[in-house]
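Data file: target-v9.csv. Format and content: CSV, C-alpha atoms.
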```csv
chain,number,residue,atom,x,y,z
A,1,MET,CA,75.1,254.0,198.0
A,2,PRO,CA,77.2,250.9,197.3
A,3,ASN,CA,77.8,250.6,201.1
A,4,GLN,CA,74.1,250.6,201.8
A,5,SER,CA,73.3,248.0,199.2
A,6,SER,CA,76.1,245.8,200.5
A,7,GLU,CA,74.8,246.1,204.0
A,8,GLN,CA,71.3,245.2,203.0
A,9,GLN,CA,72.3,241.9,201.4
A,10,PRO,CA,73.3,240.1,204.6
A,11,LEU,CA,70.1,241.4,206.3
A,12,SER,CA,68.0,239.7,203.6
A,13,SER,CA,69.9,236.5,203.9
A,14,SER,CA,69.6,236.4,207.6
A,15,SER,CA,65.9,237.1,207.4
A,16,SER,CA,65.5,234.1,205.1
A,17,GLN,CA,67.4,232.0,207.5
A,18,GLN,CA,65.2,233.0,210.4
A,19,HIS,CA,62.0,232.3,208.4
A,20,PRO,CA,62.7,229.2,206.3
A,21,SER,CA,59.0,228.5,206.1
A,22,LEU,CA,58.6,231.3,203.6
A,23,SER,CA,60.2,229.2,200.9
A,24,ALA,CA,58.5,226.0,202.1
A,25,PRO,CA,54.7,226.5,202.7
A,26,LEU,CA,53.0,224.3,205.2
A,27,THR,CA,50.7,221.5,204.1
A,28,SER,CA,47.2,221.0,205.4
A,29,TRP,CA,44.2,218.8,204.7
A,30,SER,CA,40.7,219.6,205.8
A,31,SER,CA,40.0,216.2,207.3
A,32,SER,CA,43.3,215.8,209.1
A,33,PRO,CA,44.1,218.9,211.2
A,34,SER,CA,47.7,220.1,210.8
A,35,TYR,CA,50.0,219.6,213.8
A,36,SER,CA,52.4,222.3,212.6
A,37,HIS,CA,52.1,224.2,216.0
A,38,TYR,CA,53.7,221.2,217.7
A,39,TYR,CA,56.8,221.2,215.4
A,40,ASN,CA,59.3,223.6,214.0
A,41,SER,CA,57.8,225.1,210.8
A,42,SER,CA,61.1,224.6,208.9
A,43,THR,CA,60.5,220.8,209.0
A,44,LEU,CA,57.0,220.9,207.4
A,45,GLY,CA,57.6,222.0,203.8
A,46,THR,CA,56.0,220.7,200.7
A,47,ASP,CA,59.3,220.8,198.8
A,48,PHE,CA,60.5,217.3,198.0
A,49,SER,CA,64.0,218.2,199.1
A,50,VAL,CA,62.8,218.6,202.7
A,51,LEU,CA,60.5,215.6,202.6
A,52,SER,CA,62.8,213.5,204.8
A,53,LYS,CA,62.7,216.3,207.5
A,54,ASN,CA,59.0,216.2,208.0
A,55,PRO,CA,58.4,214.2,211.2
A,56,LEU,CA,54.7,213.7,210.3
A,57,LEU,CA,55.6,211.5,207.4
A,58,ASN,CA,57.8,209.0,209.3
A,59,ARG,CA,56.6,205.5,209.9
A,60,ILE,CA,58.2,202.9,212.2
A,61,GLY,CA,60.7,205.6,213.0
A,62,LEU,CA,62.1,205.8,209.4
A,63,GLU,CA,61.9,208.5,206.7
A,64,PRO,CA,59.9,207.8,203.6
A,65,LEU,CA,62.8,207.1,201.2
A,66,LYS,CA,64.8,205.0,203.7
A,67,ARG,CA,61.6,203.1,204.7
A,68,ILE,CA,60.7,202.2,201.1
A,69,THR,CA,64.3,201.0,200.4
A,70,LEU,CA,64.6,199.0,203.6
A,71,ILE,CA,61.2,197.3,203.5
A,72,THR,CA,61.5,196.5,199.8
A,73,ALA,CA,64.9,195.0,200.3
A,74,SER,CA,63.7,192.9,203.3
A,75,ALA,CA,60.6,191.7,201.3
A,76,SER,CA,62.8,190.7,198.3
A,77,PHE,CA,65.1,188.8,200.6
A,78,TRP,CA,62.3,186.8,202.2
A,79,GLY,CA,60.7,186.3,198.8
A,80,PHE,CA,63.9,184.8,197.6
A,81,ILE,CA,64.0,182.4,200.6
A,82,LEU,CA,60.4,181.3,200.1
A,83,GLY,CA,60.8,180.9,196.3
A,84,GLY,CA,64.1,179.0,196.8
A,85,VAL,CA,62.4,176.5,199.1
A,86,ILE,CA,59.5,176.0,196.8
A,87,GLY,CA,61.7,175.8,193.7
A,88,SER,CA,64.1,173.3,195.2
A,89,ARG,CA,61.3,171.0,196.3
A,90,GLN,CA,59.5,171.2,192.9
A,91,SER,CA,62.7,170.5,191.0
A,92,GLY,CA,63.5,167.5,193.2
A,93,MET,CA,60.1,166.0,192.7
A,94,GLN,CA,60.2,166.7,189.0
A,95,TYR,CA,63.6,165.0,188.7
A,96,LEU,CA,62.3,161.9,190.5
A,97,ALA,CA,59.2,161.7,188.3
A,98,GLU,CA,61.3,162.0,185.1
A,99,ASN,CA,63.8,159.3,186.1
A,100,ALA,CA,61.4,156.9,187.9
A,101,HIS,CA,61.5,154.5,185.0
A,102,ARG,CA,65.3,154.5,184.6
A,103,LEU,CA,66.8,154.2,188.1
A,104,PRO,CA,70.5,153.4,188.3
A,105,LYS,CA,71.6,149.9,189.2
A,106,THR,CA,75.2,150.5,190.3
A,107,THR,CA,76.8,152.6,193.1
A,108,GLU,CA,78.4,154.8,190.5
A,109,GLY,CA,75.1,155.3,188.8
A,110,TRP,CA,73.4,156.3,192.1
A,111,TYR,CA,76.2,158.8,192.8
A,112,PHE,CA,75.7,160.6,189.5
A,113,TYR,CA,71.9,160.3,189.9
A,114,HIS,CA,71.9,162.2,193.2
A,115,LYS,CA,74.6,164.6,192.0
A,116,LYS,CA,72.5,165.6,189.0
A,117,LYS,CA,69.4,165.8,191.2
A,118,ASN,CA,71.2,168.2,193.6
A,119,TYR,CA,72.2,170.4,190.6
A,120,ARG,CA,68.7,170.5,189.4
A,121,MET,CA,67.4,171.4,192.8
A,122,ILE,CA,69.9,174.2,193.2
A,123,TYR,CA,69.1,175.6,189.8
A,124,GLY,CA,65.3,175.4,190.6
A,125,ALA,CA,65.9,177.1,193.9
A,126,LEU,CA,67.8,180.0,192.4
A,127,SER,CA,65.5,180.5,189.4
A,128,LYS,CA,62.3,180.3,191.5
A,129,GLY,CA,63.8,182.4,194.2
A,130,ALA,CA,64.7,185.2,191.8
A,131,VAL,CA,61.1,185.2,190.4
A,132,TYR,CA,59.6,185.3,193.9
A,133,SER,CA,62.0,187.9,195.0
A,134,ALA,CA,61.2,190.2,192.1
A,135,LYS,CA,57.4,189.8,192.4
A,136,THR,CA,57.5,190.3,196.2
A,137,GLY,CA,59.8,193.3,195.9
A,138,ILE,CA,57.7,195.0,193.2
A,139,MET,CA,54.4,194.6,195.2
A,140,VAL,CA,55.9,195.8,198.5
A,141,ALA,CA,57.6,198.7,196.8
A,142,LEU,CA,54.3,199.6,195.1
A,143,PHE,CA,52.4,199.5,198.4
A,144,GLU,CA,55.1,201.5,200.2
A,145,ALA,CA,55.3,204.1,197.4
A,146,LEU,CA,51.5,204.6,197.3
A,147,GLU,CA,51.4,204.8,201.1
A,148,ALA,CA,54.2,207.4,201.1
A,149,SER,CA,52.6,209.4,198.3
A,150,ALA,CA,49.3,209.5,200.2
A,151,ASP,CA,51.1,210.6,203.3
A,152,PHE,CA,52.9,213.4,201.4
A,153,TYR,CA,49.7,214.6,199.7
A,154,ARG,CA,47.7,214.7,202.9
A,155,GLY,CA,50.5,216.0,205.0
A,156,GLY,CA,50.7,213.2,207.6
A,157,ALA,CA,50.8,209.4,208.0
A,158,ASP,CA,47.7,207.5,209.3
A,159,LEU,CA,45.9,204.2,208.8
A,160,PHE,CA,43.6,205.6,206.1
A,161,ASN,CA,46.6,206.1,203.8
A,162,SER,CA,47.7,202.6,204.5
A,163,VAL,CA,44.2,201.2,203.7
A,164,ALA,CA,44.0,203.2,200.5
A,165,ALA,CA,47.5,202.0,199.4
A,166,GLY,CA,46.4,198.4,200.2
A,167,LEU,CA,43.2,198.7,198.1
A,168,ALA,CA,45.1,200.2,195.2
A,169,SER,CA,47.9,197.6,195.4
A,170,GLY,CA,45.4,194.8,195.4
A,171,GLY,CA,43.6,196.3,192.4
A,172,ILE,CA,46.8,196.7,190.4
A,173,PHE,CA,47.9,193.2,191.3
A,174,SER,CA,44.5,191.8,190.1
A,175,VAL,CA,44.6,193.7,186.8
A,176,ALA,CA,48.3,192.8,186.1
A,177,ASN,CA,47.6,189.1,186.7
A,178,LYS,CA,44.2,189.1,185.0
A,179,LEU,CA,42.5,187.5,188.0
A,180,PRO,CA,38.9,186.6,187.8
A,181,ARG,CA,36.3,188.7,189.7
A,182,GLN,CA,36.2,186.5,192.8
A,183,SER,CA,40.0,186.3,193.1
A,184,SER,CA,40.3,190.0,192.5
A,185,LYS,CA,37.9,190.6,195.5
A,186,HIS,CA,40.1,188.4,197.7
A,187,ALA,CA,43.3,190.2,196.5
A,188,ILE,CA,41.8,193.7,197.2
A,189,MET,CA,40.4,192.6,200.6
A,190,LEU,CA,43.8,191.1,201.5
A,191,GLY,CA,45.5,194.4,200.6
A,192,ALA,CA,43.0,196.4,202.5
A,193,GLY,CA,43.4,194.2,205.6
A,194,TYR,CA,47.2,194.4,205.4
A,195,GLY,CA,47.0,198.2,205.2
A,196,LEU,CA,44.5,198.3,208.1
A,197,ILE,CA,46.7,196.2,210.4
A,198,SER,CA,50.0,197.9,209.5
A,199,GLY,CA,48.5,201.4,209.6
A,200,SER,CA,46.8,200.7,213.0
A,201,LEU,CA,50.1,199.5,214.5
A,202,GLN,CA,52.0,202.5,213.1
A,203,ASP,CA,49.4,204.9,214.5
A,204,LEU,CA,49.7,203.2,217.9
A,205,SER,CA,53.5,203.6,217.7
A,206,SER,CA,53.1,207.3,216.8
A,207,PHE,CA,50.7,207.7,219.7
A,208,LEU,CA,53.1,206.1,222.2
A,209,LYS,CA,56.0,208.2,220.9
A,210,GLY,CA,54.1,211.5,221.5
A,211,THR,CA,52.9,212.3,218.0
A,212,PRO,CA,49.1,213.1,218.0
A,213,VAL,CA,46.9,211.0,215.8
A,214,TRP,CA,44.4,213.4,214.2
A,215,TYR,CA,41.2,211.2,214.3
A,216,LEU,CA,41.5,210.5,218.1
A,217,PRO,CA,39.6,212.6,220.6
A,218,GLN,CA,41.3,215.7,222.0
A,219,SER,CA,41.8,214.1,225.4
A,220,LEU,CA,43.9,211.3,223.8
A,221,LYS,CA,45.8,213.8,221.8
A,222,GLU,CA,46.8,215.7,224.9
A,223,ARG,CA,47.7,212.4,226.6
A,224,SER,CA,49.9,211.5,223.6
A,225,LEU,CA,51.7,214.8,223.8
A,226,ALA,CA,52.2,214.3,227.6
A,227,LEU,CA,54.0,210.9,226.9
A,228,LYS,CA,56.8,212.6,225.0
A,229,MET,CA,56.9,216.0,223.5
A,230,PRO,CA,58.5,216.3,220.1
A,231,THR,CA,62.1,217.2,220.0
A,232,SER,CA,61.5,220.4,218.1
A,233,VAL,CA,59.3,221.7,220.9
A,234,GLU,CA,61.6,220.7,223.6
A,235,SER,CA,64.5,222.4,221.9
A,236,GLU,CA,62.6,225.7,221.9
```
Would you mind writing the file's structure down as structure tokens?
Amino acid sequence: MPNQSSEQQPLSSSSSQQHPSLSAPLTSWSSSPSYSHYYNSSTLGTDFSVLSKNPLLNRIGLEPLKRITLITASASFWGFILGGVIGSRQSGMQYLAENAHRLPKTTEGWYFYHKKKNYRMIYGALSKGAVYSAKTGIMVALFEALEASADFYRGGADLFNSVAAGLASGGIFSVANKLPRQSSKHAIMLGAGYGLISGSLQDLSSFLKGTPVWYLPQSLKERSLALKMPTSVESE
């Protein structure tokens, strides 16, 4: 009897290895047909631990967590550059206005005048750049997180998730900054437009890479698959 039980254990473990989808059920959504038959079922789980292995959640060739980190860092960097330029210019103009009535009259005085002005401009650039970097990073991270959450919930990435994330981000930005109604409309429309453009470009990239886009006609889906079959199917 002990021998039989010991022989049954490796069999059960091997069966779980051959059928990993038993521990990770497939996701599906009624309005976006699942493309699980194009991929290995082991990469389409709902468990967060295998989220990065789902090819249907990739955008611009990056996994969700890596994409959020990279895009947020890039947006924060450019926000810092933009804020630095604006802050430096504003600090320089403010210094000129504050000292317009007491301009130096000696060479030494002009030297310290410009030296102090440069210090004020550097400080203004760093402080304003940090503020712009934080605000830009938070908004971009919010948009990317909402977009990735919608992708994960619906089981695939498409432009509708991007538009929804843009609408939600614009609404949250309007509420957080207490914008008036007209400005809130512009913020929400801007977010939706950004989501539409970015989502459309990402769907086009997916189509050209051989990933079917669910809302396209069947003929275009087959043409997309003919461009490049997914690696999981080719390996089989």
For this session: Record the distance separating atom CA of Leu56 of chain A and atom CA of Ala75 of chain A, expressed in Å with one decimal.
Result: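 Those two atoms sit 24.5 Å apart.
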For this session: For Leu201 of chain A, work out the shell of residues within 10 Å, counting all atoms listed in the file and skipping chain neighbours fewer than 5 positions away, then give it as a ChimeraX atom specification.
Result: /A:59-60,158-159,195-196,206-207
Exercise. How many Å lie between atom CA of His114 of chain A and atom CA of Gly92 of chain A, rounded to one decimal?
Worked result: 9.9 Å
Surrounding residues of segment 181-187 of chain A excluding itself and chain neighbours under 4 positions, 7 Å, only C-alpha atoms, as a CSV table (one decimal) with C-alpha atoms, in the frame of the given file:
```
chain,number,residue,atom,x,y,z
A,170,GLY,CA,45.4,194.8,195.4
A,174,SER,CA,44.5,191.8,190.1
A,191,GLY,CA,45.5,194.4,200.6
```
For this session: Fewer than 6 positions away in the same chain doesn't count, so skip those; otherwise give me all residues within 12 Å of Arg67 of chain A, counting all atoms listed in the file, as a list in words.
Result: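 With the cut-off at 12 Å, the set is Ser52, Leu57, Asn58, Arg59, Ile60, Gly61, Ala73, Ser74, Ala75, Val140, Ala141, Phe143, Glu144, Ala145, Glu147 and Ala148 of chain A.
Separating atom CA of Val85 of chain A from atom CA of Ala97 of chain A is a distance of 18.6 Å.
With all atoms listed in the file as the atoms that count, the minimum distance from Leu208 of chain A to the choices A:Ala192, A:Leu225, A:Ala176, A:Met139 is reached by A:Leu225.
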For this session: Select, from A:Tyr132, A:Lys178, A:Asp203, A:Ala168, the residue with the minimum atom-to-atom distance to Gly156 of chain A, counting all atoms listed in the file.
Result: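 Looking at the shortest contact to Gly156 of chain A, the residue is A:Asp203.
When all atoms listed in the file are used to measure the gap to Met121 of chain A, the shortest distance among A:Gly137, A:Gly84, A:Gly109, A:Gly155 belongs to A:Gly84.
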For this session: Select, from A:Pro212, A:Gly79, A:Pro55, A:Gly193, the residue with the minimum atom-to-atom distance to Leu126 of chain A, counting all atoms listed in the file.
Result: A:Gly79
Problem set entry | Distance criterion (only C-alpha atoms): nearest to Ile86 of chain A out of A:Val131, A:Leu65, A:Ala226, A:Leu190 |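 Among the listed residues, the smallest separation from Ile86 of chain A belongs to A:Val131.
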Can you pull segment 159-202 of chain A out of that block with N, CA and C atoms and hand it back as a compact mmCIF listing (two decimals), in the first residue's frame?
```txt
# COMPACT_ATOMS: atom_id res chain seq x y z
N LEU A 159 -8.81 49.61 -27.77
CA LEU A 159 -8.94 51.07 -27.65
C LEU A 159 -10.07 51.48 -26.72
N PHE A 160 -11.07 50.62 -26.53
CA PHE A 160 -12.18 50.97 -25.65
C PHE A 160 -11.72 51.08 -24.20
N ASN A 161 -10.80 50.23 -23.80
CA ASN A 161 -10.23 50.34 -22.46
C ASN A 161 -9.44 51.64 -22.32
N SER A 162 -8.72 52.03 -23.38
CA SER A 162 -7.94 53.26 -23.34
C SER A 162 -8.85 54.48 -23.24
N VAL A 163 -9.95 54.48 -23.99
CA VAL A 163 -10.89 55.60 -23.93
C VAL A 163 -11.53 55.69 -22.55
N ALA A 164 -11.92 54.55 -21.99
CA ALA A 164 -12.51 54.54 -20.65
C ALA A 164 -11.53 55.05 -19.62
N ALA A 165 -10.26 54.65 -19.74
CA ALA A 165 -9.24 55.13 -18.81
C ALA A 165 -9.03 56.63 -18.97
N GLY A 166 -9.07 57.14 -20.20
CA GLY A 166 -8.94 58.58 -20.42
C GLY A 166 -10.09 59.37 -19.83
N LEU A 167 -11.31 58.86 -20.00
CA LEU A 167 -12.47 59.53 -19.42
C LEU A 167 -12.39 59.57 -17.90
N ALA A 168 -12.03 58.43 -17.30
CA ALA A 168 -11.93 58.37 -15.85
C ALA A 168 -10.81 59.27 -15.33
N SER A 169 -9.68 59.28 -16.02
CA SER A 169 -8.55 60.13 -15.59
C SER A 169 -8.92 61.61 -15.67
N GLY A 170 -9.59 62.00 -16.77
CA GLY A 170 -10.02 63.39 -16.89
C GLY A 170 -11.00 63.78 -15.82
N GLY A 171 -11.92 62.87 -15.48
CA GLY A 171 -12.87 63.17 -14.41
C GLY A 171 -12.20 63.30 -13.05
N ILE A 172 -11.28 62.40 -12.75
CA ILE A 172 -10.56 62.47 -11.48
C ILE A 172 -9.72 63.74 -11.40
N PHE A 173 -9.08 64.11 -12.50
CA PHE A 173 -8.29 65.34 -12.52
C PHE A 173 -9.17 66.56 -12.28
N SER A 174 -10.34 66.58 -12.88
CA SER A 174 -11.25 67.71 -12.71
C SER A 174 -11.73 67.83 -11.27
N VAL A 175 -12.06 66.69 -10.65
CA VAL A 175 -12.54 66.72 -9.27
C VAL A 175 -11.41 67.11 -8.31
N ALA A 176 -10.21 66.56 -8.55
CA ALA A 176 -9.08 66.84 -7.66
C ALA A 176 -8.68 68.31 -7.69
N ASN A 177 -8.79 68.94 -8.86
CA ASN A 177 -8.40 70.35 -9.00
C ASN A 177 -9.59 71.30 -8.90
N LYS A 178 -10.78 70.76 -8.64
CA LYS A 178 -12.00 71.56 -8.48
C LYS A 178 -12.21 72.51 -9.66
N LEU A 179 -12.12 71.95 -10.86
CA LEU A 179 -12.29 72.75 -12.06
C LEU A 179 -13.76 73.11 -12.28
N PRO A 180 -14.03 74.23 -12.90
CA PRO A 180 -15.42 74.56 -13.25
C PRO A 180 -15.96 73.61 -14.31
N ARG A 181 -17.25 73.68 -14.56
CA ARG A 181 -17.90 72.72 -15.44
C ARG A 181 -17.31 72.73 -16.84
N GLN A 182 -17.09 73.91 -17.40
CA GLN A 182 -16.57 74.00 -18.76
C GLN A 182 -15.15 73.45 -18.84
N SER A 183 -14.33 73.78 -17.86
CA SER A 183 -12.96 73.25 -17.85
C SER A 183 -12.95 71.74 -17.64
N SER A 184 -13.89 71.25 -16.84
CA SER A 184 -13.98 69.80 -16.62
C SER A 184 -14.33 69.08 -17.92
N LYS A 185 -15.21 69.67 -18.70
CA LYS A 185 -15.55 69.06 -20.00
C LYS A 185 -14.33 68.97 -20.89
N HIS A 186 -13.55 70.04 -20.92
CA HIS A 186 -12.34 70.03 -21.75
C HIS A 186 -11.34 68.98 -21.25
N ALA A 187 -11.19 68.86 -19.93
CA ALA A 187 -10.26 67.88 -19.38
C ALA A 187 -10.71 66.45 -19.70
N ILE A 188 -12.00 66.19 -19.58
CA ILE A 188 -12.52 64.85 -19.88
C ILE A 188 -12.39 64.54 -21.37
N MET A 189 -12.70 65.53 -22.22
CA MET A 189 -12.57 65.32 -23.66
C MET A 189 -11.12 65.11 -24.06
N LEU A 190 -10.21 65.85 -23.41
CA LEU A 190 -8.79 65.67 -23.69
C LEU A 190 -8.33 64.27 -23.30
N GLY A 191 -8.78 63.80 -22.14
CA GLY A 191 -8.43 62.44 -21.72
C GLY A 191 -8.99 61.39 -22.66
N ALA A 192 -10.24 61.56 -23.08
CA ALA A 192 -10.83 60.61 -24.02
C ALA A 192 -10.12 60.63 -25.36
N GLY A 193 -9.75 61.82 -25.83
CA GLY A 193 -9.03 61.90 -27.10
C GLY A 193 -7.67 61.24 -27.04
N TYR A 194 -6.97 61.45 -25.93
CA TYR A 194 -5.67 60.78 -25.77
C TYR A 194 -5.84 59.28 -25.74
N GLY A 195 -6.86 58.80 -25.01
CA GLY A 195 -7.10 57.36 -24.97
C GLY A 195 -7.46 56.80 -26.32
N LEU A 196 -8.25 57.54 -27.10
CA LEU A 196 -8.64 57.07 -28.43
C LEU A 196 -7.44 56.96 -29.35
N ILE A 197 -6.60 57.98 -29.34
CA ILE A 197 -5.42 57.97 -30.22
C ILE A 197 -4.44 56.87 -29.82
N SER A 198 -4.11 56.81 -28.52
CA SER A 198 -3.15 55.80 -28.08
C SER A 198 -3.70 54.39 -28.24
N GLY A 199 -4.99 54.20 -27.94
CA GLY A 199 -5.58 52.87 -28.10
C GLY A 199 -5.64 52.44 -29.55
N SER A 200 -5.96 53.37 -30.46
CA SER A 200 -6.01 53.03 -31.88
C SER A 200 -4.63 52.65 -32.40
N LEU A 201 -3.61 53.39 -31.99
CA LEU A 201 -2.25 53.06 -32.43
C LEU A 201 -1.80 51.72 -31.88
N GLN A 202 -2.17 51.41 -30.64
CA GLN A 202 -1.80 50.14 -30.06
C GLN A 202 -2.53 48.98 -30.72
```
